[in-house]
Amino acid sequence: MHSLRRQLPFSVSGRMAPAPAPGSPMAETRSPEEGCSCRNTNCLERPLRRFFEGLGSSVAACPWPFLLVPLVLSSGLGTGFLFLPQRQANDIEGQFTPTTGPAKAERDLVLQHFPTDDSQRFSAARLPTEGAYAALIAVAAGGGSVLSPTARLDVLQLDKTVRARGYDRLCALSHGVCNSPNPLLPLLDGAEAAALVNLTFPSSNGTFLGAYLGGVQTAAGGRVVSARALKLVYHLQEDSPAAAGRSRQWLKRFLQDIPAALGFSSIQVTYFTSLSRQQEFEGNTKSVIPFFSVTYFLTITFSIVSCLRLNCIRNNVWLACCGVLSAGLAVLSSFGLMLFCGVPFVVTVANAPFLILGVGVDDMFIMIASWEQSSRKKREPDVKALLAETYTEAALSVTITTLTDVLAFFIGTWTAFPSVRSFCLYTGTAFVFCYIYTMTFFGAVIVLNHKREQGNRHWLTCMPVRVDNDQAEKSCLYNACCIGNCSSQSSQLESEHPMSIFFEKYYGPFLTNKWVKLLVVVVYGAYLGGSIYGCTQVREGIDLRNLASDDSYVIPYYDDDDKYFSSYGPRVMVVIPESVDYWNKTVRLVIENCTQNLEAISYVDKNLSESWLRVYTGLGNSGLININSKTLFIANLPRLFEIVPSFKWDINMTQNKIEASRFFIQTVNVTSAVDEKNLLNQLRETAKQCSIPLVVYHPAFIYYDQYLVIVQNTIQNVVIAAGAMLIISLLLIPNPLCSLWVTFAIASVIVGVAGFMTFWDVNLDSISMINLVICIGFSVDFSAHISYAFVTSRESSANGRAIKALSLLGYPVLQGAVSTILGVVVLAAAKTYIFRTFFKIMFLVILFGALHGLVFIPVFLTIFGNFGRSPHSTKSKESLDDWK
């Protein structure tokens with residue numbers, strides 16, 4: 001490719017290259033002590049070099065099998081895409097909540113003791129699941145009140161519109177009557193509207209209104225003056241497969257028909273169903289498909305430009321295209337294999353091809369650079385010797401970086417989130433195939449391309465290029481396109497790349513200036529300080545609205561719900577899952593104390609609790625009934641059910657024995673992820689302290705559970721992956737000091753990405769966790785270049801070694817960053833949080849990785865790099881003036 005890459009101890013785009021062969025330009029920059037500072041490294045490196053040398057000779061001797069077998073294998077494995085419809089697993093709860101979350105076990109317990117019956121005794125507050133429903137929020141237009149006469153008429157018309165679609169045939173029933181979508185609905189017509197004058201909030205005549213009326217202004221005594229919004233929730237039956245199927249079809253028709261029926265003058269209506277979140281999430285994968293073509297176009301264009309030559313014979317355009325094709329074959333093979341193996345295909349996996357493409361192109365650049373370096377050193381046209389040397393020098397580089405990336409992904413499978421496991425399995429396997437195809441398919445392409453060059457054939461037409469006696473009189477463009485070289489000198493050697501000159505003569509001296517180094521240290525301090533502060537502000541958990549696209553109808557609904565109905569949170573179920581002696585006063589006192597402890601939590605409004613035992617105890621204390629013996633306690637329960645019939649659904653009684661019971665507490669001001677986390681922790685901790693077993697549950701806790709493991713899982717994966725990277729570095733990079741700087745860069749980049757993603761509105765969730773694991777592998781790639789080139793240089797000063805390292809590696813690092821960014825940049829235009837988040841964090845990873853490789857590490861090496869340096873590596877004694 002460029003003369004710059006032909007001299008690298010570490011090759012292009014984040015890939016470490018092994019030591020140059022004797023006689024190469026870089027061989028003279030290293031002493032034997034520096035090149036082989038670790039005997040363990042030689043034990044690993046030398047056998048690998050011999051293996052790759054043999055592989056290169058085999059590919060060169062018979063390239064066609066190595067070309068055709070990957071094509072056939074990819075075609076065969078690609079048939080695994082036939083299983084894609086069966087393997088798609090985009091269930092939000094199943095993929096984006098912890099597999100072993102406590103709330104899932106708590107839900108099973110509630111279902112065991114309190115099975116639902118949507119056709120007889122439905123109660124929305126008592127549902128152990130979200131249920132099947134359609135919800136609408138009516139907001140008064142122009143800042144008015146939804147309780148005004150005109151708004152009330154529109155709300156009633158809205159209710160008729162929904163019911164006209166057959167709701168009454170499928171509605172959830174309580175005592176034979178359809179569950180009301182809003183307890184205020186009967187009061188909105190003209191005959192009953194006078195009752196609205198005495199309406200109080202948040203509770204009126206024993207009915208809790210916090211979930212149905214929003215934006216409320218009250219007068220003395222809680223009397224409602226006005227309200228901005230009113231929510232209608234139409235629950236459907238789903239307690240049997242047949243009923244659930246009918247309800248699902250009704251909801252689908254509802255979503256198709258309702259938008260055309262919302263043209264009201266005095267209210268603005270947003271809508272949502274129990275199917276909406278899942279449907280919108282499943283549509284995310286389709287929305288990103290058009291970006292694939294754009295990404296491949298950008299990557300191919302970048303590859304062609306990088307490999308372009310003004311020489312119609314030695315032009316590497318086909319190598320660039322086949323390198324991109326190799327990455328595409330890796331995606332096809334890995335995805336097909338995973339689908340054959342039954343690995344679930346989650347929407348997050350759709351991010352993988354963008355990343356794989358960028359990394360695959362990097363491997364291609366390494367192979368081309370090493371091939372051209374070998375070609376320049378050897379005058380004889382022995383393709384076996386050329387490719388053997390190419391593999392000897394480049395394959396170890398590709399092996400090390402592939403190993404680090406694959407380990408990072410497979411370590412990422414040790415997580416409680418199935419979506420993360422699927423992504424890491426698909427992507428890690430794709431990296432393996434990318435490596436295999438680079439060593440086989442792309443190596444064969446290099447051989448065939450070399451034979452074309454040896455035959456003096458045109459890169460496009462493959463026709464022999466004639467020699468024109470009048471070449472000197474022709475234009476440069478004509479010569480380049482038709483003869484074989486822009487210059488009249490057919491054997492012209494390629495000049496040094498301008499970017500190499502820039503890094504050596506301008507950027508390197510500028511960066512090693514003492515005042516610039518001081519500025520860099522200050523900038524790094526600001527970077528580190530900002531990163532650490534950002535880490536303390538990280539928001540945990542995935543916001544469910546982010547699973548829908550930006551233009552989805554669910555977003556306005558979520559906005560209205562947050563704006564007008566966020567004051568009151570989940571109505572939490574408190575379950576006593578075992579049989580206890582309720583008739584014992586001491587037991588009742590313990591239960592009451594535990595209830596009061598739960599009510600004392602700042603997120604709970606004690607005035608809105610609902611407890612059958614508290615009411616029953618009140619009846620007993622009043623002297624109306626006797627509940628102080630088991631027989632009397634059980635016998636008098638029907639009296640309680642006459643007063644509050646729904647209490648019958650809160651007691652699981654078999655054969656005159658109460659197996660389990662439950663009561664409810666109302667949460668308030670749960671408006672952020674921090675509130676959700678604190679609420680869940682406080683409720684569970686308080687329940688544990690009760691001497692009687694208590695279980696707190698709400699369907700939303702299924703999603704709240706992610707807060708309990710997301711930080712722990714992220715730290716665990718990052719630490720394990722970073723440790724694995726350090727071990728690999730110590731084993732395969734022949735300098736311990738270099739490995740320490742690599743470790744430093746990994747930690748610094750991870751802290752930076754984790755901190756700055758907070759400033760870019762990215763939460764720490766299962767999606768961003770994927771990217772934090774990814775950044776470990778990429779941190780190794782970027783940081784290893786400069787540090788290794790520095791410690792193996794024989795320049796007499798630290799500044800000189802830094803300049804030399806930058807001149808050799810500055811452009812490859814920059815080029816590698818650009819190629820990877822091009823692989824994901826189109827995701828910035830996605831309308832979905834999942835894909836934009838992937839772009840944002842990958843951008844931060846590449847930006848900070850390149851920043852460390854090109855700015856921070858070189859400066860720190862000039863300050864601290866002399867410690868531990870072998871005296872044999874210098875031509876003269878180091879001067880204290882390096883800093884100056």
# chains A, B, ... in the order shown; residues from 1 in each chain; ligands from 1
>>> residues_around(residues="Phe254 in chain A", least_positions_apart="3", cutoff="9 Å", atoms="only C-alpha atoms", output="ChimeraX atom specification")
/A:134,162,165,249-251,257-259,273
>>> residues_around(residues="Ala140 in chain A", least_positions_apart="3", cutoff="9 Å", atoms="only C-alpha atoms", output="PyMOL selection string")
chain A and resi 143-148+151+227-230+266-269
>>> atom_distance(atom1="CA of Pro570 in chain A", atom2="CA of Ser174 in chain A")
21.6 Å
>>> select_by_dssp(residues="range 140-316 of chain A", states="alpha helix (DSSP H)", output="NGL selection string")
:A and (149-162 or 168-170 or 241-257 or 276-307)
>>> write_last_selection(atoms="C-alpha atoms", output="JSON list (two decimals), in the first residue's frame")
[["chain", "number", "residue", "atom", "x", "y", "z"],
["A", 149, "PRO", "CA", -67.85, 20.46, 28.87],
["A", 150, "THR", "CA", -66.44, 20.32, 25.34],
["A", 151, "ALA", "CA", -63.49, 18.13, 26.36],
["A", 152, "ARG", "CA", -65.81, 15.76, 28.23],
["A", 153, "LEU", "CA", -67.93, 15.31, 25.12],
["A", 154, "ASP", "CA", -64.86, 14.48, 23.07],
["A", 155, "VAL", "CA", -63.68, 11.98, 25.68],
["A", 156, "LEU", "CA", -67.08, 10.28, 25.61],
["A", 157, "GLN", "CA", -66.96, 10.19, 21.82],
["A", 158, "LEU", "CA", -63.48, 8.68, 22.02],
["A", 159, "ASP", "CA", -64.81, 5.96, 24.32],
["A", 160, "LYS", "CA", -67.63, 5.21, 21.88],
["A", 161, "THR", "CA", -65.13, 4.99, 19.03],
["A", 162, "VAL", "CA", -63.17, 2.31, 20.86],
["A", 168, "ASP", "CA", -67.44, -5.20, 24.74],
["A", 169, "ARG", "CA", -67.17, -8.74, 23.31],
["A", 170, "LEU", "CA", -63.57, -9.16, 24.48],
["A", 241, "PRO", "CA", -54.91, -19.17, 24.70],
["A", 242, "ALA", "CA", -58.07, -18.63, 22.69],
["A", 243, "ALA", "CA", -58.95, -15.41, 24.51],
["A", 244, "ALA", "CA", -55.37, -14.16, 24.21],
["A", 245, "GLY", "CA", -55.41, -14.81, 20.45],
["A", 246, "ARG", "CA", -58.68, -12.92, 19.97],
["A", 247, "SER", "CA", -57.43, -10.01, 22.07],
["A", 248, "ARG", "CA", -54.22, -9.85, 20.08],
["A", 249, "GLN", "CA", -56.11, -9.62, 16.81],
["A", 250, "TRP", "CA", -58.35, -6.89, 18.24],
["A", 251, "LEU", "CA", -55.32, -4.87, 19.34],
["A", 252, "LYS", "CA", -53.75, -5.16, 15.89],
["A", 253, "ARG", "CA", -56.93, -3.84, 14.28],
["A", 254, "PHE", "CA", -57.08, -1.13, 16.90],
["A", 255, "LEU", "CA", -53.59, 0.08, 15.97],
["A", 256, "GLN", "CA", -54.57, 0.14, 12.30],
["A", 257, "ASP", "CA", -57.86, 1.99, 12.75],
["A", 276, "SER", "CA", -46.87, -1.63, 20.84],
["A", 277, "ARG", "CA", -43.52, -1.86, 22.56],
["A", 278, "GLN", "CA", -42.80, -5.29, 21.13],
["A", 279, "GLN", "CA", -43.97, -4.44, 17.61],
["A", 280, "GLU", "CA", -41.93, -1.26, 17.46],
["A", 281, "PHE", "CA", -38.88, -3.03, 18.81],
["A", 282, "GLU", "CA", -39.12, -5.81, 16.23],
["A", 283, "GLY", "CA", -39.34, -3.19, 13.49],
["A", 284, "ASN", "CA", -35.94, -1.78, 14.46],
["A", 285, "THR", "CA", -34.04, -4.51, 12.62],
["A", 286, "LYS", "CA", -35.76, -3.69, 9.33],
["A", 287, "SER", "CA", -35.04, 0.02, 9.73],
["A", 288, "VAL", "CA", -31.28, -0.54, 9.72],
["A", 289, "ILE", "CA", -31.13, -2.78, 6.62],
["A", 290, "PRO", "CA", -30.75, 0.15, 4.15],
["A", 291, "PHE", "CA", -27.64, 1.26, 6.06],
["A", 292, "PHE", "CA", -25.80, -1.92, 5.10],
["A", 293, "SER", "CA", -25.47, -0.86, 1.48],
["A", 294, "VAL", "CA", -24.27, 2.61, 2.48],
["A", 295, "THR", "CA", -21.67, 1.13, 4.83],
["A", 296, "TYR", "CA", -20.33, -1.27, 2.23],
["A", 297, "PHE", "CA", -20.12, 1.56, -0.29],
["A", 298, "LEU", "CA", -18.18, 3.75, 2.13],
["A", 299, "THR", "CA", -15.88, 0.92, 3.17],
["A", 300, "ILE", "CA", -15.16, -0.19, -0.40],
["A", 301, "THR", "CA", -14.54, 3.40, -1.43],
["A", 302, "PHE", "CA", -12.15, 3.97, 1.47],
["A", 303, "SER", "CA", -10.36, 0.71, 0.78],
["A", 304, "ILE", "CA", -9.97, 1.51, -2.92],
["A", 305, "VAL", "CA", -8.69, 5.00, -2.20],
["A", 306, "SER", "CA", -6.23, 3.60, 0.34],
["A", 307, "CYS", "CA", -4.96, 0.99, -2.13]]
>>> select_by_dssp(residues="range 535-735 of chain A", states="strand (DSSP E or B)", output="ChimeraX atom specification")
/A:540,549,568-576,604-610,651-653,658-668,695-697
>>> residues_around(residues="Cys424 in chain A", least_positions_apart="5", cutoff="7 Å", atoms="only C-alpha atoms", output="JSON, numbers by chain")
{"A": [409, 410, 412, 413]}
>>> write_last_selection(atoms="C-alpha atoms", output="compact mmCIF listing (two decimals), in the first residue's frame")
# COMPACT_ATOMS: atom_id res chain seq x y z
CA PHE A 409 -16.51 -10.92 22.98
CA PHE A 410 -16.58 -14.44 24.37
CA GLY A 412 -18.93 -10.84 27.20
CA THR A 413 -21.13 -13.93 27.06
>>> residues_around(residues="range 531-541 of chain A", least_positions_apart="6", cutoff="7 Å", atoms="only C-alpha atoms", output="list in words")
Ala673, Gln706, Tyr707, Val751, Gly752, Ala754, Gly755, Phe756, Thr758, Phe759, Asn763, Leu764 and Asp765 of chain A
>>> residues_around(residues="range 552-560 of chain A", least_positions_apart="3", cutoff="10 Å", atoms="only C-alpha atoms", output="compact mmCIF listing (two decimals) with all heavy atoms, in the first residue's frame")
# COMPACT_ATOMS: atom_id res chain seq x y z
N ALA A 135 -54.44 1.64 25.63
CA ALA A 135 -54.49 2.83 26.49
C ALA A 135 -54.48 4.08 25.62
O ALA A 135 -53.76 4.14 24.61
CB ALA A 135 -53.32 2.84 27.46
N LEU A 136 -55.27 5.06 26.04
CA LEU A 136 -55.29 6.36 25.37
C LEU A 136 -55.19 7.46 26.41
O LEU A 136 -55.79 7.35 27.50
CB LEU A 136 -56.57 6.55 24.54
CG LEU A 136 -56.86 5.49 23.47
CD1 LEU A 136 -57.91 4.51 24.00
CD2 LEU A 136 -57.37 6.14 22.18
N ILE A 137 -54.44 8.49 26.10
CA ILE A 137 -54.35 9.66 26.98
C ILE A 137 -54.93 10.85 26.22
O ILE A 137 -54.45 11.21 25.14
CB ILE A 137 -52.89 9.94 27.38
CG1 ILE A 137 -52.33 8.79 28.21
CG2 ILE A 137 -52.81 11.25 28.18
CD1 ILE A 137 -50.89 8.97 28.62
N ALA A 138 -55.96 11.43 26.80
CA ALA A 138 -56.61 12.61 26.22
C ALA A 138 -56.11 13.84 26.97
O ALA A 138 -56.30 13.95 28.18
CB ALA A 138 -58.12 12.50 26.31
N VAL A 139 -55.48 14.75 26.27
CA VAL A 139 -54.95 15.98 26.85
C VAL A 139 -55.76 17.16 26.30
O VAL A 139 -55.94 17.28 25.08
CB VAL A 139 -53.46 16.17 26.52
CG1 VAL A 139 -52.93 17.46 27.14
CG2 VAL A 139 -52.66 14.97 27.01
N GLY A 214 -54.56 13.29 35.30
CA GLY A 214 -53.24 13.89 35.39
C GLY A 214 -53.27 15.40 35.22
O GLY A 214 -54.22 15.97 34.69
N ALA A 229 -55.18 16.11 31.80
CA ALA A 229 -55.19 14.87 31.04
C ALA A 229 -56.03 13.81 31.73
O ALA A 229 -56.20 13.82 32.95
CB ALA A 229 -53.76 14.35 30.84
N LYS A 231 -56.73 9.45 31.35
CA LYS A 231 -56.28 8.21 30.71
C LYS A 231 -57.40 7.19 30.67
O LYS A 231 -58.10 6.97 31.66
CB LYS A 231 -55.08 7.63 31.47
CG LYS A 231 -54.50 6.36 30.84
CD LYS A 231 -53.40 5.74 31.69
CE LYS A 231 -52.17 6.60 31.73
NZ LYS A 231 -51.04 5.92 32.43
N LEU A 255 -54.74 -0.73 16.39
CA LEU A 255 -53.59 0.08 15.97
C LEU A 255 -53.71 0.54 14.52
O LEU A 255 -53.22 1.61 14.16
CB LEU A 255 -52.30 -0.71 16.16
CG LEU A 255 -51.86 -0.97 17.60
CD1 LEU A 255 -50.65 -1.88 17.66
CD2 LEU A 255 -51.56 0.36 18.32
N PRO A 259 -55.68 5.66 14.47
CA PRO A 259 -55.12 6.97 14.09
C PRO A 259 -56.09 7.83 13.28
O PRO A 259 -56.10 9.06 13.42
CB PRO A 259 -53.88 6.59 13.24
CG PRO A 259 -53.49 5.25 13.75
CD PRO A 259 -54.77 4.56 14.07
N VAL A 269 -55.04 13.30 21.48
CA VAL A 269 -55.03 11.92 21.97
C VAL A 269 -53.75 11.21 21.51
O VAL A 269 -53.38 11.27 20.34
CB VAL A 269 -56.26 11.15 21.47
CG1 VAL A 269 -56.25 9.71 22.02
CG2 VAL A 269 -57.53 11.87 21.90
N THR A 270 -53.09 10.56 22.46
CA THR A 270 -52.00 9.64 22.15
C THR A 270 -52.43 8.25 22.60
O THR A 270 -53.26 8.11 23.50
CB THR A 270 -50.70 10.04 22.86
OG1 THR A 270 -50.94 10.15 24.28
CG2 THR A 270 -50.20 11.38 22.33
N TYR A 271 -51.84 7.23 21.98
CA TYR A 271 -52.33 5.87 22.23
C TYR A 271 -51.17 4.89 22.33
O TYR A 271 -50.05 5.14 21.87
CB TYR A 271 -53.31 5.45 21.14
CG TYR A 271 -52.73 5.46 19.75
CD1 TYR A 271 -52.24 4.29 19.15
CD2 TYR A 271 -52.67 6.64 19.02
CE1 TYR A 271 -51.70 4.30 17.89
CE2 TYR A 271 -52.14 6.66 17.74
CZ TYR A 271 -51.65 5.49 17.18
OH TYR A 271 -51.11 5.50 15.92
N PHE A 272 -51.50 3.74 22.91
CA PHE A 272 -50.49 2.71 23.19
C PHE A 272 -51.25 1.42 23.47
O PHE A 272 -52.39 1.45 23.96
CB PHE A 272 -49.66 3.12 24.40
CG PHE A 272 -48.53 2.18 24.74
CD1 PHE A 272 -47.32 2.28 24.10
CD2 PHE A 272 -48.69 1.20 25.72
CE1 PHE A 272 -46.26 1.43 24.42
CE2 PHE A 272 -47.65 0.35 26.04
CZ PHE A 272 -46.42 0.47 25.39
N THR A 273 -50.61 0.29 23.16
CA THR A 273 -51.21 -1.00 23.50
C THR A 273 -50.15 -1.90 24.12
O THR A 273 -48.95 -1.61 24.06
CB THR A 273 -51.81 -1.71 22.27
OG1 THR A 273 -50.74 -2.22 21.46
CG2 THR A 273 -52.67 -0.78 21.45
N SER A 276 -47.59 -2.71 21.52
CA SER A 276 -46.87 -1.63 20.84
C SER A 276 -45.36 -1.72 21.04
O SER A 276 -44.59 -1.62 20.09
CB SER A 276 -47.38 -0.28 21.33
OG SER A 276 -48.73 -0.09 20.98
N ARG A 277 -44.95 -1.87 22.27
CA ARG A 277 -43.52 -1.86 22.56
C ARG A 277 -42.81 -2.96 21.80
O ARG A 277 -41.75 -2.76 21.20
CB ARG A 277 -43.30 -1.99 24.06
CG ARG A 277 -41.88 -1.75 24.51
CD ARG A 277 -41.72 -2.04 25.99
NE ARG A 277 -42.57 -1.20 26.81
CZ ARG A 277 -43.50 -1.65 27.63
NH1 ARG A 277 -43.71 -2.95 27.73
NH2 ARG A 277 -44.23 -0.83 28.35
N GLU A 280 -42.87 -2.31 17.86
CA GLU A 280 -41.93 -1.26 17.46
C GLU A 280 -40.49 -1.74 17.60
O GLU A 280 -39.64 -1.42 16.77
CB GLU A 280 -42.15 -0.02 18.33
CG GLU A 280 -43.48 0.67 18.09
CD GLU A 280 -43.60 1.18 16.67
OE1 GLU A 280 -42.84 2.08 16.30
OE2 GLU A 280 -44.43 0.64 15.92
N LEU A 544 -37.56 2.02 28.43
CA LEU A 544 -38.33 1.24 27.47
C LEU A 544 -38.74 2.05 26.25
O LEU A 544 -38.96 1.49 25.18
CB LEU A 544 -39.58 0.66 28.17
CG LEU A 544 -39.28 -0.37 29.26
CD1 LEU A 544 -40.56 -0.89 29.87
CD2 LEU A 544 -38.46 -1.53 28.71
N ARG A 545 -38.86 3.35 26.38
CA ARG A 545 -39.21 4.16 25.22
C ARG A 545 -38.11 4.10 24.16
O ARG A 545 -38.36 4.31 22.98
CB ARG A 545 -39.48 5.61 25.62
CG ARG A 545 -38.21 6.42 25.85
CD ARG A 545 -38.52 7.88 25.98
NE ARG A 545 -39.32 8.14 27.16
CZ ARG A 545 -40.22 9.12 27.24
NH1 ARG A 545 -40.40 9.92 26.22
NH2 ARG A 545 -40.90 9.31 28.33
N ASN A 546 -36.88 3.82 24.60
CA ASN A 546 -35.77 3.79 23.66
C ASN A 546 -35.77 2.56 22.78
O ASN A 546 -34.96 2.46 21.85
CB ASN A 546 -34.44 3.86 24.42
CG ASN A 546 -34.21 5.21 25.05
OD1 ASN A 546 -34.69 6.23 24.56
ND2 ASN A 546 -33.50 5.24 26.16
N ALA A 548 -38.21 1.86 20.89
CA ALA A 548 -39.00 2.26 19.71
C ALA A 548 -38.23 3.30 18.92
O ALA A 548 -37.35 3.99 19.45
CB ALA A 548 -40.36 2.80 20.14
N SER A 549 -38.55 3.43 17.64
CA SER A 549 -37.90 4.43 16.81
C SER A 549 -38.39 5.83 17.17
O SER A 549 -39.46 6.00 17.78
CB SER A 549 -38.17 4.15 15.33
OG SER A 549 -39.56 4.19 15.06
N LYS A 563 -45.38 13.24 31.68
CA LYS A 563 -45.71 14.62 32.04
C LYS A 563 -46.88 14.71 33.00
O LYS A 563 -46.87 15.53 33.93
CB LYS A 563 -46.01 15.42 30.77
CG LYS A 563 -46.25 16.90 31.00
CD LYS A 563 -46.41 17.63 29.68
CE LYS A 563 -46.61 19.13 29.90
NZ LYS A 563 -46.76 19.87 28.61
N TYR A 564 -47.87 13.86 32.80
CA TYR A 564 -49.11 14.02 33.56
C TYR A 564 -49.38 12.91 34.58
O TYR A 564 -50.20 13.10 35.47
CB TYR A 564 -50.30 14.09 32.60
CG TYR A 564 -50.23 15.26 31.64
CD1 TYR A 564 -50.02 15.07 30.29
CD2 TYR A 564 -50.35 16.57 32.10
CE1 TYR A 564 -49.96 16.13 29.40
CE2 TYR A 564 -50.29 17.65 31.23
CZ TYR A 564 -50.09 17.42 29.89
OH TYR A 564 -50.02 18.49 29.03
N PHE A 565 -48.70 11.76 34.46
CA PHE A 565 -49.04 10.64 35.33
C PHE A 565 -47.84 10.05 36.06
O PHE A 565 -47.91 8.91 36.53
CB PHE A 565 -49.74 9.55 34.51
CG PHE A 565 -51.04 9.96 33.90
CD1 PHE A 565 -51.09 10.43 32.59
CD2 PHE A 565 -52.21 9.94 34.64
CE1 PHE A 565 -52.28 10.83 32.02
CE2 PHE A 565 -53.41 10.33 34.08
CZ PHE A 565 -53.45 10.79 32.77
N SER A 566 -46.76 10.81 36.15
CA SER A 566 -45.57 10.28 36.81
C SER A 566 -45.55 10.52 38.31
O SER A 566 -44.66 10.01 39.01
CB SER A 566 -44.31 10.89 36.18
OG SER A 566 -44.32 12.30 36.32
N LYS A 831 -32.84 6.03 13.35
CA LYS A 831 -33.92 6.60 14.15
C LYS A 831 -34.17 5.81 15.42
O LYS A 831 -35.17 6.04 16.10
CB LYS A 831 -35.21 6.68 13.32
CG LYS A 831 -35.12 7.64 12.14
CD LYS A 831 -36.45 7.70 11.40
CE LYS A 831 -36.38 8.68 10.24
NZ LYS A 831 -37.66 8.76 9.50
N THR A 832 -33.28 4.89 15.72
CA THR A 832 -33.47 4.01 16.86
C THR A 832 -32.32 4.15 17.84
O THR A 832 -31.15 4.19 17.43
CB THR A 832 -33.57 2.55 16.39
OG1 THR A 832 -34.58 2.45 15.38
CG2 THR A 832 -33.93 1.63 17.54
>>> closest_residue(among="A:Leu679, A:Ala830, A:Leu448, A:Leu511", to="Leu854 in chain A", atoms="only C-alpha atoms")
A:Leu511
>>> residues_around(residues="Thr427 in chain A", least_positions_apart="2", cutoff="10 Å", atoms="only C-alpha atoms", output="tab-separated table (two decimals) with N, CA and C atoms, in the first residue's frame")
chain	number	residue	atom	x	y	z
A	330	ALA	N	-17.38	-13.53	5.99
A	330	ALA	CA	-17.29	-13.87	7.41
A	330	ALA	C	-18.63	-13.64	8.10
A	331	VAL	N	-19.29	-12.54	7.76
A	331	VAL	CA	-20.61	-12.27	8.33
A	331	VAL	C	-21.59	-13.36	7.92
A	334	SER	N	-20.61	-16.78	9.74
A	334	SER	CA	-20.82	-16.81	11.19
A	334	SER	C	-22.29	-16.73	11.54
A	335	PHE	N	-23.02	-15.84	10.89
A	335	PHE	CA	-24.44	-15.72	11.19
A	335	PHE	C	-25.16	-17.01	10.81
A	349	VAL	N	-27.90	-7.79	17.40
A	349	VAL	CA	-26.96	-8.47	16.51
A	349	VAL	C	-26.86	-7.73	15.18
A	350	ALA	N	-27.88	-6.96	14.83
A	350	ALA	CA	-27.84	-6.22	13.57
A	350	ALA	C	-26.72	-5.18	13.57
A	351	ASN	N	-26.18	-4.85	14.74
A	351	ASN	CA	-25.04	-3.93	14.79
A	351	ASN	C	-23.75	-4.60	14.33
A	352	ALA	N	-23.68	-5.92	14.47
A	352	ALA	CA	-22.42	-6.63	14.28
A	352	ALA	C	-21.80	-6.46	12.89
A	353	PRO	N	-22.57	-6.57	11.78
A	353	PRO	CA	-21.93	-6.45	10.47
A	353	PRO	C	-21.17	-5.16	10.27
A	355	LEU	N	-19.51	-3.46	12.53
A	355	LEU	CA	-18.23	-3.56	13.23
A	355	LEU	C	-17.30	-4.55	12.54
A	356	ILE	N	-17.83	-5.69	12.13
A	356	ILE	CA	-17.02	-6.72	11.49
A	356	ILE	C	-16.41	-6.19	10.21
A	405	ASP	N	-9.65	-9.50	20.43
A	405	ASP	CA	-11.04	-9.12	20.16
A	405	ASP	C	-12.00	-10.27	20.42
A	406	VAL	N	-11.63	-11.47	19.97
A	406	VAL	CA	-12.50	-12.63	20.16
A	406	VAL	C	-12.65	-12.94	21.65
A	409	PHE	N	-15.11	-10.61	23.26
A	409	PHE	CA	-16.51	-10.92	22.98
A	409	PHE	C	-16.97	-12.18	23.71
A	410	PHE	N	-16.15	-13.21	23.71
A	410	PHE	CA	-16.58	-14.44	24.37
A	410	PHE	C	-16.65	-14.27	25.88
A	421	ARG	N	-25.43	-11.79	25.32
A	421	ARG	CA	-24.85	-13.09	24.96
A	421	ARG	C	-24.95	-13.35	23.47
A	422	SER	N	-26.13	-13.08	22.91
A	422	SER	CA	-26.32	-13.33	21.49
A	422	SER	C	-25.38	-12.46	20.65
A	423	PHE	N	-25.30	-11.18	21.00
A	423	PHE	CA	-24.43	-10.28	20.23
A	423	PHE	C	-22.98	-10.76	20.29
A	424	CYS	N	-22.51	-11.11	21.47
A	424	CYS	CA	-21.12	-11.52	21.63
A	424	CYS	C	-20.84	-12.83	20.91
A	425	LEU	N	-21.78	-13.76	20.90
A	425	LEU	CA	-21.57	-15.02	20.20
A	425	LEU	C	-21.50	-14.81	18.70
A	429	THR	N	-17.80	-15.05	16.84
A	429	THR	CA	-17.66	-16.06	15.79
A	429	THR	C	-17.33	-15.43	14.45
A	430	ALA	N	-17.93	-14.28	14.16
A	430	ALA	CA	-17.64	-13.59	12.91
A	430	ALA	C	-16.18	-13.16	12.84
A	431	PHE	N	-15.62	-12.74	13.97
A	431	PHE	CA	-14.21	-12.36	13.99
A	431	PHE	C	-13.31	-13.57	13.68
A	432	VAL	N	-13.72	-14.75	14.18
A	432	VAL	CA	-12.95	-15.96	13.89
A	432	VAL	C	-12.98	-16.26	12.40
A	433	PHE	N	-14.17	-16.20	11.81
A	433	PHE	CA	-14.28	-16.44	10.36
A	433	PHE	C	-13.54	-15.37	9.57
